[in-house]
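So this one's target-v2.txt, compact mmCIF, N, CA and C atoms and all ligand atoms:
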```txt
# COMPACT_ATOMS: atom_id res chain seq x y z
N MET T 1 -22.94 -31.05 11.12
CA MET T 1 -23.94 -31.88 10.46
C MET T 1 -24.60 -31.13 9.30
N SER T 2 -24.55 -29.82 9.30
CA SER T 2 -25.17 -29.05 8.23
C SER T 2 -24.18 -28.86 7.09
N THR T 3 -24.63 -28.12 6.10
CA THR T 3 -23.73 -27.85 4.97
C THR T 3 -22.54 -27.04 5.44
N ARG T 4 -21.49 -27.18 4.73
CA ARG T 4 -20.25 -26.52 5.13
C ARG T 4 -20.41 -25.01 5.00
N GLN T 5 -20.13 -24.32 6.10
CA GLN T 5 -20.24 -22.87 6.11
C GLN T 5 -18.87 -22.26 5.81
N PRO T 6 -18.86 -21.17 5.07
CA PRO T 6 -17.59 -20.48 4.94
C PRO T 6 -17.19 -19.88 6.27
N PRO T 7 -15.92 -19.80 6.51
CA PRO T 7 -15.49 -19.20 7.78
C PRO T 7 -15.92 -17.75 7.85
N PRO T 8 -16.21 -17.23 9.03
CA PRO T 8 -16.61 -15.83 9.15
C PRO T 8 -15.47 -14.90 8.78
N LEU T 9 -15.84 -13.69 8.47
CA LEU T 9 -14.82 -12.69 8.15
C LEU T 9 -14.21 -12.20 9.46
N ARG T 10 -13.14 -12.81 9.84
CA ARG T 10 -12.55 -12.46 11.12
C ARG T 10 -11.35 -11.56 10.97
N PHE T 11 -10.96 -11.30 9.76
CA PHE T 11 -9.75 -10.51 9.59
C PHE T 11 -10.00 -9.04 9.90
N PRO T 12 -9.18 -8.44 10.70
CA PRO T 12 -9.38 -7.02 10.99
C PRO T 12 -9.24 -6.17 9.73
N GLN T 13 -8.48 -6.65 8.78
CA GLN T 13 -8.24 -5.82 7.59
C GLN T 13 -9.47 -5.68 6.70
N VAL T 14 -10.52 -6.48 6.93
CA VAL T 14 -11.73 -6.25 6.13
C VAL T 14 -12.41 -4.94 6.51
N ALA T 15 -11.97 -4.31 7.58
CA ALA T 15 -12.51 -3.00 7.95
C ALA T 15 -12.10 -1.92 6.96
N VAL T 16 -11.08 -2.20 6.18
CA VAL T 16 -10.66 -1.22 5.18
C VAL T 16 -10.93 -1.79 3.78
N SER T 17 -11.00 -0.92 2.80
CA SER T 17 -11.17 -1.41 1.44
C SER T 17 -9.86 -2.00 0.95
N CYS T 18 -9.98 -2.92 0.00
CA CYS T 18 -8.76 -3.56 -0.50
C CYS T 18 -8.21 -2.77 -1.68
N PRO T 19 -6.97 -2.30 -1.55
CA PRO T 19 -6.40 -1.53 -2.66
C PRO T 19 -6.09 -2.41 -3.87
N TRP T 20 -6.08 -3.71 -3.65
CA TRP T 20 -5.72 -4.60 -4.76
C TRP T 20 -6.94 -4.96 -5.61
N CYS T 21 -7.99 -5.46 -4.96
CA CYS T 21 -9.16 -5.91 -5.72
C CYS T 21 -10.36 -4.98 -5.54
N HIS T 22 -10.19 -3.92 -4.76
CA HIS T 22 -11.22 -2.91 -4.55
C HIS T 22 -12.44 -3.45 -3.82
N ALA T 23 -12.27 -4.51 -3.08
CA ALA T 23 -13.35 -4.95 -2.20
C ALA T 23 -13.64 -3.83 -1.20
N THR T 24 -14.92 -3.60 -0.96
CA THR T 24 -15.29 -2.52 -0.05
C THR T 24 -15.18 -3.01 1.39
N PRO T 25 -15.11 -2.08 2.36
CA PRO T 25 -15.02 -2.50 3.76
C PRO T 25 -16.14 -3.48 4.13
N GLY T 26 -15.77 -4.56 4.75
CA GLY T 26 -16.74 -5.57 5.15
C GLY T 26 -16.93 -6.68 4.14
N GLU T 27 -16.45 -6.47 2.92
CA GLU T 27 -16.58 -7.48 1.89
C GLU T 27 -15.31 -8.33 1.81
N PRO T 28 -15.47 -9.60 1.46
CA PRO T 28 -14.26 -10.41 1.26
C PRO T 28 -13.53 -9.98 0.00
N CYS T 29 -12.27 -10.29 -0.05
CA CYS T 29 -11.51 -10.01 -1.26
C CYS T 29 -12.05 -10.85 -2.42
N ALA T 30 -12.03 -10.27 -3.58
CA ALA T 30 -12.47 -11.00 -4.77
C ALA T 30 -11.25 -11.57 -5.49
N VAL T 31 -11.39 -12.79 -5.89
CA VAL T 31 -10.29 -13.43 -6.60
C VAL T 31 -10.83 -13.97 -7.91
N ARG T 32 -10.31 -13.49 -8.98
CA ARG T 32 -10.75 -13.99 -10.28
C ARG T 32 -10.49 -15.49 -10.39
N ARG T 33 -11.37 -16.16 -11.04
CA ARG T 33 -11.28 -17.59 -11.33
C ARG T 33 -11.64 -18.45 -10.13
N ARG T 34 -11.47 -17.96 -8.96
CA ARG T 34 -11.73 -18.80 -7.80
C ARG T 34 -12.88 -18.29 -6.95
N GLY T 35 -13.41 -17.12 -7.30
CA GLY T 35 -14.51 -16.57 -6.52
C GLY T 35 -14.04 -15.98 -5.21
N PRO T 36 -14.96 -15.34 -4.51
CA PRO T 36 -14.58 -14.71 -3.24
C PRO T 36 -14.06 -15.76 -2.26
N ARG T 37 -13.04 -15.38 -1.56
CA ARG T 37 -12.47 -16.26 -0.55
C ARG T 37 -12.67 -15.60 0.80
N ARG T 38 -13.46 -16.24 1.63
CA ARG T 38 -13.72 -15.65 2.94
C ARG T 38 -12.64 -15.97 3.95
N ASP T 39 -11.76 -16.85 3.57
CA ASP T 39 -10.73 -17.26 4.52
C ASP T 39 -9.38 -16.60 4.24
N MET T 40 -9.35 -15.72 3.27
CA MET T 40 -8.09 -15.07 2.94
C MET T 40 -8.35 -13.62 2.53
N THR T 41 -7.34 -12.82 2.63
CA THR T 41 -7.40 -11.47 2.05
C THR T 41 -6.10 -11.24 1.31
N HIS T 42 -6.11 -10.21 0.50
CA HIS T 42 -4.88 -9.85 -0.20
C HIS T 42 -3.88 -9.25 0.78
N GLN T 43 -2.63 -9.53 0.50
CA GLN T 43 -1.57 -8.94 1.32
C GLN T 43 -1.65 -7.41 1.28
N ALA T 44 -2.03 -6.88 0.15
CA ALA T 44 -2.13 -5.41 0.04
C ALA T 44 -3.15 -4.85 1.01
N ARG T 45 -4.22 -5.62 1.24
CA ARG T 45 -5.24 -5.16 2.17
C ARG T 45 -4.73 -5.23 3.59
N ARG T 46 -4.05 -6.30 3.88
CA ARG T 46 -3.43 -6.40 5.19
C ARG T 46 -2.49 -5.22 5.43
N ASN T 47 -1.70 -4.95 4.44
CA ASN T 47 -0.75 -3.84 4.58
C ASN T 47 -1.48 -2.52 4.78
N ALA T 48 -2.56 -2.31 4.01
CA ALA T 48 -3.30 -1.06 4.14
C ALA T 48 -3.89 -0.92 5.53
N TRP T 49 -4.37 -2.04 6.06
CA TRP T 49 -4.94 -1.98 7.41
C TRP T 49 -3.87 -1.70 8.45
N VAL T 50 -2.75 -2.41 8.32
CA VAL T 50 -1.66 -2.21 9.28
C VAL T 50 -1.21 -0.75 9.27
N ILE T 51 -1.09 -0.20 8.07
CA ILE T 51 -0.66 1.19 7.94
C ILE T 51 -1.69 2.14 8.54
N SER T 52 -2.98 1.79 8.40
CA SER T 52 -4.02 2.72 8.85
C SER T 52 -4.18 2.75 10.36
N VAL T 53 -3.79 1.69 11.04
CA VAL T 53 -4.09 1.64 12.47
C VAL T 53 -2.88 1.76 13.39
N ALA T 54 -1.69 1.46 12.88
CA ALA T 54 -0.56 1.32 13.79
C ALA T 54 0.55 2.32 13.52
N VAL T 55 1.15 2.78 14.61
CA VAL T 55 2.42 3.47 14.51
C VAL T 55 3.48 2.41 14.26
N CYS T 56 4.46 2.72 13.42
CA CYS T 56 5.50 1.71 13.17
C CYS T 56 6.61 1.80 14.19
N PRO T 57 6.84 0.72 14.92
CA PRO T 57 7.93 0.73 15.90
C PRO T 57 9.31 0.79 15.25
N ALA T 58 9.36 0.41 13.97
CA ALA T 58 10.67 0.36 13.31
C ALA T 58 11.08 1.71 12.73
N CYS T 59 10.16 2.36 12.03
CA CYS T 59 10.52 3.63 11.38
C CYS T 59 9.76 4.82 11.94
N GLN T 60 8.90 4.59 12.95
CA GLN T 60 8.27 5.66 13.73
C GLN T 60 7.25 6.48 12.96
N VAL T 61 6.77 6.00 11.83
CA VAL T 61 5.75 6.78 11.12
C VAL T 61 4.40 6.63 11.82
N THR T 62 3.54 7.61 11.60
CA THR T 62 2.24 7.61 12.26
C THR T 62 1.23 6.84 11.43
N PRO T 63 0.11 6.46 12.07
CA PRO T 63 -0.94 5.75 11.31
C PRO T 63 -1.37 6.54 10.08
N GLY T 64 -1.51 5.84 8.98
CA GLY T 64 -1.88 6.48 7.73
C GLY T 64 -0.70 6.80 6.84
N THR T 65 0.50 6.70 7.40
CA THR T 65 1.70 6.99 6.63
C THR T 65 2.45 5.70 6.32
N PRO T 66 2.77 5.45 5.08
CA PRO T 66 3.51 4.22 4.76
C PRO T 66 4.88 4.19 5.42
N CYS T 67 5.36 2.99 5.68
CA CYS T 67 6.71 2.85 6.22
C CYS T 67 7.74 3.41 5.25
N ALA T 68 8.85 3.82 5.82
CA ALA T 68 9.93 4.37 5.00
C ALA T 68 11.25 3.74 5.41
N ASP T 69 12.16 3.72 4.47
CA ASP T 69 13.48 3.18 4.79
C ASP T 69 14.34 4.28 5.42
N THR T 70 15.59 3.98 5.66
CA THR T 70 16.45 4.93 6.37
C THR T 70 16.71 6.19 5.55
N ASN T 71 16.46 6.12 4.24
CA ASN T 71 16.58 7.31 3.40
C ASN T 71 15.23 8.01 3.20
N ARG T 72 14.27 7.60 4.01
CA ARG T 72 12.93 8.18 3.97
C ARG T 72 12.20 7.95 2.65
N ARG T 73 12.59 6.91 1.96
CA ARG T 73 11.82 6.52 0.79
C ARG T 73 10.74 5.55 1.22
N PRO T 74 9.53 5.69 0.69
CA PRO T 74 8.44 4.79 1.10
C PRO T 74 8.76 3.34 0.75
N LEU T 75 8.40 2.48 1.67
CA LEU T 75 8.57 1.05 1.43
C LEU T 75 7.28 0.47 0.86
N PRO T 76 7.41 -0.55 0.00
CA PRO T 76 6.19 -1.15 -0.57
C PRO T 76 5.36 -1.91 0.45
N GLU T 77 5.99 -2.35 1.52
CA GLU T 77 5.26 -3.08 2.56
C GLU T 77 5.66 -2.54 3.92
N PRO T 78 4.74 -2.59 4.88
CA PRO T 78 5.11 -2.15 6.22
C PRO T 78 6.12 -3.10 6.86
N HIS T 79 6.85 -2.57 7.82
CA HIS T 79 7.77 -3.40 8.57
C HIS T 79 7.01 -4.50 9.32
N PRO T 80 7.60 -5.67 9.47
CA PRO T 80 6.94 -6.74 10.25
C PRO T 80 6.59 -6.29 11.66
N GLU T 81 7.41 -5.43 12.23
CA GLU T 81 7.14 -4.94 13.58
C GLU T 81 5.83 -4.16 13.64
N ARG T 82 5.51 -3.51 12.52
CA ARG T 82 4.28 -2.73 12.49
C ARG T 82 3.05 -3.64 12.45
N ASP T 83 3.16 -4.73 11.72
CA ASP T 83 2.07 -5.70 11.72
C ASP T 83 1.84 -6.23 13.13
N ALA T 84 2.93 -6.54 13.81
CA ALA T 84 2.81 -7.04 15.18
C ALA T 84 2.21 -5.99 16.09
N GLU T 85 2.58 -4.75 15.87
CA GLU T 85 2.03 -3.65 16.68
C GLU T 85 0.53 -3.50 16.42
N ALA T 86 0.12 -3.61 15.17
CA ALA T 86 -1.30 -3.52 14.84
C ALA T 86 -2.08 -4.63 15.54
N VAL T 87 -1.56 -5.82 15.49
CA VAL T 87 -2.23 -6.95 16.14
C VAL T 87 -2.30 -6.73 17.65
N ARG T 88 -1.22 -6.20 18.20
CA ARG T 88 -1.17 -6.00 19.65
C ARG T 88 -2.16 -4.93 20.10
N THR T 89 -2.33 -3.90 19.30
CA THR T 89 -3.14 -2.76 19.73
C THR T 89 -4.60 -2.87 19.29
N GLN T 90 -4.91 -3.78 18.39
CA GLN T 90 -6.28 -3.90 17.89
C GLN T 90 -6.89 -5.20 18.40
N PRO T 91 -7.82 -5.12 19.34
CA PRO T 91 -8.41 -6.35 19.88
C PRO T 91 -9.03 -7.23 18.81
N SER T 92 -9.55 -6.61 17.74
CA SER T 92 -10.17 -7.40 16.68
C SER T 92 -9.16 -8.19 15.87
N ALA T 93 -7.91 -7.92 16.10
CA ALA T 93 -6.87 -8.55 15.28
C ALA T 93 -6.31 -9.82 15.88
N ARG T 94 -6.88 -10.25 16.99
CA ARG T 94 -6.29 -11.42 17.66
C ARG T 94 -6.70 -12.72 16.98
N THR T 95 -6.39 -12.80 15.72
CA THR T 95 -6.62 -14.04 14.98
C THR T 95 -5.35 -14.87 15.01
N PRO T 96 -5.50 -16.14 14.75
CA PRO T 96 -4.29 -16.96 14.77
C PRO T 96 -3.23 -16.44 13.82
N ARG T 97 -2.03 -16.57 14.23
CA ARG T 97 -0.93 -16.04 13.45
C ARG T 97 -0.92 -16.61 12.02
N VAL T 98 -1.34 -17.83 11.91
CA VAL T 98 -1.32 -18.44 10.58
C VAL T 98 -2.26 -17.70 9.64
N HIS T 99 -3.36 -17.19 10.20
CA HIS T 99 -4.26 -16.41 9.36
C HIS T 99 -3.72 -15.01 9.15
N ALA T 100 -3.05 -14.53 10.15
CA ALA T 100 -2.57 -13.15 10.05
C ALA T 100 -1.53 -13.00 8.96
N LEU T 101 -0.67 -13.96 8.84
CA LEU T 101 0.44 -13.78 7.92
C LEU T 101 0.64 -14.94 6.95
N GLY T 102 0.20 -16.10 7.31
CA GLY T 102 0.61 -17.27 6.56
C GLY T 102 -0.29 -17.68 5.42
N GLU T 103 -1.47 -17.12 5.34
CA GLU T 103 -2.40 -17.58 4.33
C GLU T 103 -2.89 -16.45 3.44
N GLN T 104 -2.04 -15.53 3.19
CA GLN T 104 -2.42 -14.47 2.27
C GLN T 104 -2.51 -15.04 0.87
N LEU T 105 -3.30 -14.38 0.06
CA LEU T 105 -3.52 -14.87 -1.28
C LEU T 105 -2.25 -14.78 -2.11
N ASP T 106 -2.11 -15.77 -2.94
CA ASP T 106 -1.08 -15.72 -3.96
C ASP T 106 -1.57 -14.79 -5.07
N LEU T 107 -0.82 -13.75 -5.32
CA LEU T 107 -1.29 -12.74 -6.27
C LEU T 107 -0.90 -13.05 -7.70
N THR T 108 -0.18 -14.10 -7.90
CA THR T 108 0.41 -14.31 -9.23
C THR T 108 -0.65 -14.49 -10.30
N ASP T 109 -1.81 -15.03 -9.95
CA ASP T 109 -2.80 -15.25 -11.00
C ASP T 109 -3.57 -13.98 -11.33
N GLU T 110 -3.29 -12.90 -10.62
CA GLU T 110 -3.93 -11.64 -10.97
C GLU T 110 -2.98 -10.68 -11.64
N GLN T 111 -1.76 -11.01 -11.66
CA GLN T 111 -0.78 -10.13 -12.28
C GLN T 111 -0.43 -10.66 -13.65
N GLU T 112 -0.99 -10.03 -14.65
CA GLU T 112 -0.72 -10.47 -16.01
C GLU T 112 0.06 -9.38 -16.69
N THR T 113 1.33 -9.52 -16.67
CA THR T 113 2.17 -8.47 -17.21
C THR T 113 2.57 -8.76 -18.64
ZN ZN W 201 -8.40 -7.88 -2.10
ZN ZN W 202 8.01 0.95 9.44
```
Would you encode the structure as structure tokens?
Amino acid sequence: MSTRQPPPLRFPQVAVSCPWCHATPGEPCAVRRRGPRRDMTHQARRNAWVISVAVCPACQVTPGTPCADTNRRPLPEPHPERDAEAVRTQPSARTPRVHALGEQLDLTDEQET
């Protein structure tokens, strides 16, 4: 019955700063032209959080170390198994899967090459 409230910041990845938009821990990601979005975060932030908290079941790297391929070259994104591991091991991460992976921001409007 009241005015529409923005959804709470439920994403575990807001615990870390966003490497993409430099949002500080606890702040929502900033999106140019559309203003802060409390219901989404950048994929880069999700990745940073996953890397910071979880051991990767796929490539066995420790928390804080980016995933690597079989030639030990760093991968731009963590393995999907690592995201699942982060969710499994972090009680704060038990958000609906659609929020966890399906509603990340489209970065195309921030990449002006
Ligand atoms: Zn961001
Ligand atoms: Zn990995």
Give the helix (DSSP H, G or I) residues of segment 18-78 of chain T, as assigned by DSSP on the backbone, as an NGL selection string.
-> :T and (43-53)
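Closest approach to Cys21 of chain T among T:Cys56, T:Ala86, T:Ala68, T:Ala44: T:Ala44, based on only N, CA and C atoms.
Relative to atom C of Arg73 of chain T, atom C of Met40 of chain T is found at 27.1 Å.
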Could you put an axis-aligned box around every listed atom of segment 56-73 of chain T, padded by 6 Å on each side, and send me its centre and edge lengths in Å to one decimal, as lines of an AutoDock Vina configuration file?
```
center_x = 7.4
center_y = 4.3
center_z = 8.3
size_x = 30.6
size_y = 19.8
size_z = 27.1
```
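Proximity of T:Ala15, T:Thr89, T:Arg45, T:Arg10 to ligand ZN 201 (chain W), computed with only C-alpha atoms and all ligand atoms, is greatest for T:Arg45.
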Between atom C of Ala23 of chain T and atom ZN of ligand ZN 201 (chain W), what is the distance, to one decimal in Å?
-> 6.7 Å
Dump as a Markdown table the rows for residues of chain T within 8 Å of ligand ZN 202 (chain W): closest atom pair and distance in Å with one decimal, only N, CA and C atoms and all ligand atoms counted, ordered by chain and rising residue number.
```
| residue | atom | partner | partner_atom | distance |
| --- | --- | --- | --- | --- |
| T:Val55 | C | W:ZN202 | ZN | 6.8 |
| T:Cys56 | CA | W:ZN202 | ZN | 4.6 |
| T:Pro57 | N | W:ZN202 | ZN | 5.6 |
| T:Ala58 | C | W:ZN202 | ZN | 4.6 |
| T:Cys59 | N | W:ZN202 | ZN | 3.6 |
| T:Gln60 | N | W:ZN202 | ZN | 5.1 |
| T:Val61 | N | W:ZN202 | ZN | 5.7 |
| T:Thr65 | C | W:ZN202 | ZN | 8.0 |
| T:Pro66 | C | W:ZN202 | ZN | 6.0 |
| T:Cys67 | CA | W:ZN202 | ZN | 4.0 |
| T:Ala68 | N | W:ZN202 | ZN | 4.7 |
| T:Asp69 | N | W:ZN202 | ZN | 7.0 |
| T:Leu75 | N | W:ZN202 | ZN | 7.9 |
| T:Glu77 | C | W:ZN202 | ZN | 6.9 |
| T:Pro78 | C | W:ZN202 | ZN | 5.2 |
| T:His79 | N | W:ZN202 | ZN | 4.0 |
| T:Pro80 | N | W:ZN202 | ZN | 6.6 |
| T:Glu81 | C | W:ZN202 | ZN | 7.0 |
| T:Arg82 | N | W:ZN202 | ZN | 6.0 |
| T:Asp83 | N | W:ZN202 | ZN | 7.8 |
```
Atom C of Thr62 of chain T and atom N of Pro28 of chain T, how far apart in Å?
-> 25.5 Å
Distance table requested - chain T against ligand ZN 201 (chain W), cut-off 8 Å, only N, CA and C atoms and all ligand atoms: one row per qualifying residue with the closest atom pair and its distance in Å to one decimal, ordered by chain and rising residue number, as JSON lines.
```
{"residue": "T:Ser17", "atom": "C", "partner": "W:ZN201", "partner_atom": "ZN", "distance": 6.8}
{"residue": "T:Cys18", "atom": "CA", "partner": "W:ZN201", "partner_atom": "ZN", "distance": 4.6}
{"residue": "T:Pro19", "atom": "N", "partner": "W:ZN201", "partner_atom": "ZN", "distance": 5.8}
{"residue": "T:Trp20", "atom": "C", "partner": "W:ZN201", "partner_atom": "ZN", "distance": 4.8}
{"residue": "T:Cys21", "atom": "N", "partner": "W:ZN201", "partner_atom": "ZN", "distance": 3.8}
{"residue": "T:His22", "atom": "N", "partner": "W:ZN201", "partner_atom": "ZN", "distance": 5.1}
{"residue": "T:Ala23", "atom": "N", "partner": "W:ZN201", "partner_atom": "ZN", "distance": 5.2}
{"residue": "T:Thr24", "atom": "N", "partner": "W:ZN201", "partner_atom": "ZN", "distance": 7.9}
{"residue": "T:Glu27", "atom": "C", "partner": "W:ZN201", "partner_atom": "ZN", "distance": 8.0}
{"residue": "T:Pro28", "atom": "C", "partner": "W:ZN201", "partner_atom": "ZN", "distance": 5.9}
{"residue": "T:Cys29", "atom": "CA", "partner": "W:ZN201", "partner_atom": "ZN", "distance": 3.9}
{"residue": "T:Ala30", "atom": "N", "partner": "W:ZN201", "partner_atom": "ZN", "distance": 4.6}
{"residue": "T:Val31", "atom": "N", "partner": "W:ZN201", "partner_atom": "ZN", "distance": 6.9}
{"residue": "T:Met40", "atom": "C", "partner": "W:ZN201", "partner_atom": "ZN", "distance": 7.4}
{"residue": "T:Thr41", "atom": "C", "partner": "W:ZN201", "partner_atom": "ZN", "distance": 5.3}
{"residue": "T:His42", "atom": "N", "partner": "W:ZN201", "partner_atom": "ZN", "distance": 4.2}
{"residue": "T:Gln43", "atom": "N", "partner": "W:ZN201", "partner_atom": "ZN", "distance": 6.5}
{"residue": "T:Ala44", "atom": "C", "partner": "W:ZN201", "partner_atom": "ZN", "distance": 6.8}
{"residue": "T:Arg45", "atom": "N", "partner": "W:ZN201", "partner_atom": "ZN", "distance": 5.8}
{"residue": "T:Arg46", "atom": "N", "partner": "W:ZN201", "partner_atom": "ZN", "distance": 7.6}
```
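Counting all atoms listed in the file, the residue from T:Ala54, T:Gln13, T:Pro63, T:Pro76 that sits nearest to Pro25 of chain T is T:Gln13.
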Between T:Pro74, T:Pro91, T:Gly64, T:Gly26, which is the closest to Val50 of chain T once you count all atoms listed in the file?
-> T:Gly64
